[in-house]
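So this one's upload-v6.cif, mmCIF, C-alpha atoms:
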```cif
data_final
loop_
_atom_site.group_PDB
_atom_site.id
_atom_site.type_symbol
_atom_site.label_atom_id
_atom_site.label_comp_id
_atom_site.auth_asym_id
_atom_site.auth_seq_id
_atom_site.Cartn_x
_atom_site.Cartn_y
_atom_site.Cartn_z
ATOM 1 C CA MET R 9 16.296 -0.091 -25.809
ATOM 2 C CA ASP R 10 19.298 1.613 -24.281
ATOM 3 C CA THR R 11 20.175 4.752 -26.260
ATOM 4 C CA ASN R 12 23.939 4.379 -25.700
ATOM 5 C CA THR R 13 25.041 2.656 -28.896
ATOM 6 C CA SER R 14 28.759 3.212 -28.574
ATOM 7 C CA PRO R 15 30.742 0.088 -29.561
ATOM 8 C CA GLU R 16 31.879 -0.366 -25.942
ATOM 9 C CA ALA R 17 28.271 -0.435 -24.737
ATOM 10 C CA LEU R 18 27.161 -3.048 -27.293
ATOM 11 C CA GLN R 19 27.599 -6.784 -27.208
ATOM 12 C CA ARG R 20 27.149 -9.259 -30.029
ATOM 13 C CA ILE R 21 24.814 -12.120 -29.201
ATOM 14 C CA THR R 22 23.303 -14.923 -31.232
ATOM 15 C CA LEU R 23 19.714 -16.016 -30.770
ATOM 16 C CA ALA R 24 18.112 -19.090 -32.304
ATOM 17 C CA VAL R 25 14.578 -18.292 -33.422
ATOM 18 C CA GLU R 26 12.504 -20.420 -35.789
ATOM 19 C CA HIS R 27 15.394 -22.415 -37.247
ATOM 20 C CA THR R 28 17.308 -19.179 -37.789
ATOM 21 C CA ARG R 29 20.341 -17.944 -35.925
ATOM 22 C CA LEU R 30 20.100 -14.205 -35.480
ATOM 23 C CA SER R 31 23.257 -12.250 -34.741
ATOM 24 C CA LEU R 32 22.472 -8.992 -32.968
ATOM 25 C CA TYR R 33 24.379 -6.150 -31.364
ATOM 26 C CA VAL R 34 22.541 -5.274 -28.176
ATOM 27 C CA PRO R 35 23.300 -3.036 -25.200
ATOM 28 C CA ARG R 36 25.273 -5.030 -22.643
ATOM 29 C CA SER R 37 22.870 -3.954 -19.927
ATOM 30 C CA GLU R 38 19.933 -5.454 -21.856
ATOM 31 C CA GLU R 39 21.431 -8.750 -22.996
ATOM 32 C CA ARG R 40 19.288 -10.792 -20.599
ATOM 33 C CA PHE R 41 16.102 -9.155 -21.934
ATOM 34 C CA TYR R 42 16.994 -10.117 -25.500
ATOM 35 C CA ARG R 43 17.850 -13.689 -24.537
ATOM 36 C CA ASP R 44 14.632 -14.020 -22.544
ATOM 37 C CA ALA R 45 12.658 -12.588 -25.483
ATOM 38 C CA GLY R 46 14.211 -15.160 -27.816
ATOM 39 C CA GLU R 47 13.253 -17.955 -25.407
ATOM 40 C CA GLU R 48 9.723 -16.552 -25.103
ATOM 41 C CA ILE R 49 9.313 -16.552 -28.880
ATOM 42 C CA ALA R 50 10.607 -20.141 -29.122
ATOM 43 C CA THR R 51 8.272 -21.320 -26.343
ATOM 44 C CA THR R 52 5.260 -19.582 -27.867
ATOM 45 C CA LEU R 53 6.049 -21.046 -31.290
ATOM 46 C CA ARG R 54 6.175 -24.554 -29.776
ATOM 47 C CA ILE R 55 2.780 -23.983 -28.160
ATOM 48 C CA TYR R 56 1.203 -22.937 -31.460
ATOM 49 C CA ARG R 57 2.814 -25.809 -33.368
ATOM 50 C CA TYR R 58 1.349 -28.197 -30.794
ATOM 51 C CA LYS R 59 -2.107 -26.537 -30.964
ATOM 52 C CA TYR R 60 -2.110 -26.480 -34.780
ATOM 53 C CA PRO R 61 -0.090 -29.510 -35.890
ATOM 54 C CA ASN R 62 -1.482 -29.645 -39.446
ATOM 55 C CA ARG R 63 1.023 -27.492 -41.321
ATOM 56 C CA SER R 64 -1.104 -27.570 -44.453
ATOM 57 C CA GLU R 65 -3.627 -25.339 -42.645
ATOM 58 C CA VAL R 66 -1.059 -22.838 -41.430
ATOM 59 C CA PRO R 67 1.163 -20.880 -43.834
ATOM 60 C CA ALA R 68 4.916 -20.964 -43.289
ATOM 61 C CA GLU R 69 4.916 -17.590 -41.538
ATOM 62 C CA GLY R 70 1.670 -18.369 -39.713
ATOM 63 C CA TYR R 71 3.211 -19.766 -36.556
ATOM 64 C CA LEU R 72 5.522 -16.786 -36.244
ATOM 65 C CA ALA R 73 2.603 -14.406 -36.820
ATOM 66 C CA MET R 74 0.513 -16.208 -34.186
ATOM 67 C CA ALA R 75 3.378 -16.028 -31.708
ATOM 68 C CA ALA R 76 3.879 -12.317 -32.429
ATOM 69 C CA ILE R 77 0.178 -11.587 -31.897
ATOM 70 C CA ASP R 78 0.136 -13.672 -28.711
ATOM 71 C CA ILE R 79 3.195 -11.946 -27.240
ATOM 72 C CA ALA R 80 1.985 -8.484 -28.281
ATOM 73 C CA THR R 81 -1.415 -9.178 -26.703
ATOM 74 C CA ARG R 82 0.199 -10.267 -23.438
ATOM 75 C CA TYR R 83 2.391 -7.156 -23.514
ATOM 76 C CA LYS R 84 -0.686 -4.947 -23.973
ATOM 77 C CA GLN R 85 -2.488 -6.730 -21.126
ATOM 78 C CA VAL R 86 0.443 -6.224 -18.778
ATOM 79 C CA HIS R 87 0.846 -2.600 -19.873
ATOM 80 C CA THR R 88 -2.885 -1.922 -19.331
ATOM 81 C CA ALA R 89 -2.802 -3.587 -15.900
ATOM 82 C CA LEU R 90 0.258 -1.527 -14.955
ATOM 83 C CA GLU R 91 -1.444 1.703 -16.032
ATOM 84 C CA ALA R 92 -4.540 0.785 -14.025
ATOM 85 C CA ARG R 93 -2.352 0.041 -11.009
ATOM 86 C CA LYS R 94 -0.606 3.398 -11.384
ATOM 87 C CA GLN R 95 -3.999 5.143 -11.548
ATOM 88 C CA THR R 96 -4.937 3.466 -8.278
ATOM 89 C CA LEU R 97 -1.633 4.072 -6.504
ATOM 90 C CA THR R 98 -0.872 7.632 -7.606
ATOM 91 C CA PRO R 99 -3.474 9.394 -5.415
ATOM 92 C CA ARG R 100 -2.398 7.349 -2.390
ATOM 93 C CA LEU R 101 1.282 8.105 -3.030
ATOM 94 C CA VAL R 102 0.493 11.832 -3.313
ATOM 95 C CA GLU R 103 -1.359 11.676 0.013
ATOM 96 C CA ILE R 104 1.479 9.787 1.722
ATOM 97 C CA ASN R 105 4.038 12.209 0.290
ATOM 98 C CA GLU R 106 2.092 15.203 1.633
ATOM 99 C CA GLU R 107 1.874 13.571 5.075
ATOM 100 C CA LEU R 108 5.602 12.870 5.018
ATOM 101 C CA GLU R 109 6.405 16.450 4.024
ATOM 102 C CA ALA R 110 4.258 17.705 6.901
ATOM 103 C CA LEU R 111 6.088 15.420 9.354
ATOM 104 C CA ILE R 112 9.472 16.580 8.049
ATOM 105 C CA SER R 113 8.375 20.183 8.390
ATOM 106 C CA GLN R 114 7.272 19.564 11.979
ATOM 107 C CA ALA R 115 10.561 17.827 12.767
ATOM 108 C CA ARG R 116 12.540 20.738 11.330
ATOM 109 C CA GLN R 117 10.513 23.198 13.359
ATOM 110 C CA LEU R 118 11.174 21.195 16.533
ATOM 111 C CA ILE R 119 14.900 21.121 15.735
ATOM 112 C CA ASP R 120 15.037 24.833 14.914
ATOM 113 C CA ASP R 121 12.773 25.939 17.801
ATOM 114 C CA PRO R 122 13.000 23.315 20.528
ATOM 115 C CA PRO R 123 10.329 23.644 23.196
ATOM 116 C CA THR R 124 11.583 25.324 26.353
ATOM 117 C CA SER R 125 11.455 23.215 29.444
ATOM 118 C CA SER R 126 9.737 24.672 32.483
ATOM 119 C CA ARG R 127 12.075 24.161 35.408
#
```
Turn the structure described in the file into structure tokens.
Amino acid sequence: MDTNTSPEALQRITLAVEHTRLSLYVPRSEERFYRDAGEEIATTLRIYRYKYPNRSEVPAEGYLAMAAIDIATRYKQVHTALEARKQTLTPRLVEINEELEALISQARQLIDDPPTSSR
């Protein structure tokens, strides 16, 4: 979440989640994330209601809990995949950066000490 919570930086939005309208003050720059999150929760709830239609087997908060676990699990999977990707890319980026620094150094040396032509 954006740390700038000045009134000018916040925007009031209303999200419909599980038959409840939630009124939130969110950073203007993150409004889309909050709206998308609300839609994701609603979609996931519909999926679980379809998978488990017998409401007598699922407590009132059960669908919301299932959706929360599902979304949190997907978040963890994405986060783990991102970390693994960073572990793979970091050594290559360090190598490329070192090569680039060497090329820049060579270019500077050529600019500062141009080769003399033999005429």
Determine the residue set returned by the PyMOL selection byres ((chain R and resi 76) around 12) for the present structure, and present it as a ChimeraX atom specification.
-> /R:45-46,48-53,56,69-75,77-83
Enclosing box along x, y and z for every listed atom of region 22-36 of chain R, padded 6 Å each side, centre and size in Å, one decimal, as AutoDock Vina command-line options:
```
--center_x 18.9 --center_y -12.7 --center_z -30.2 --size_x 24.8 --size_y 31.4 --size_z 27.1
```
Who sits within 7 Å of Arg36 (chain R), all atoms listed in the file, same chain under 3 positions skipped, as a PyMOL selection string = chain R and resi 17-19+39
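Picture a line from CA of Asp120 (chain R) to CA of Leu108 (chain R); it runs 18.2 Å.
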What's the 10 Å shell around Thr22 (chain R), counting only C-alpha atoms, without same-chain residues fewer than 3 positions away, as an MDAnalysis selection string?
-> chainID R and resid 25 28:33 42:43 46
Distance in Å - CA of Asp44 (chain R) versus CA of Ala24 (chain R) = 11.5 Å
Between CA of His27 (chain R) and CA of Arg57 (chain R), measure the distance and give it in Å to one decimal.
->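 Those two atoms sit 13.6 Å apart.
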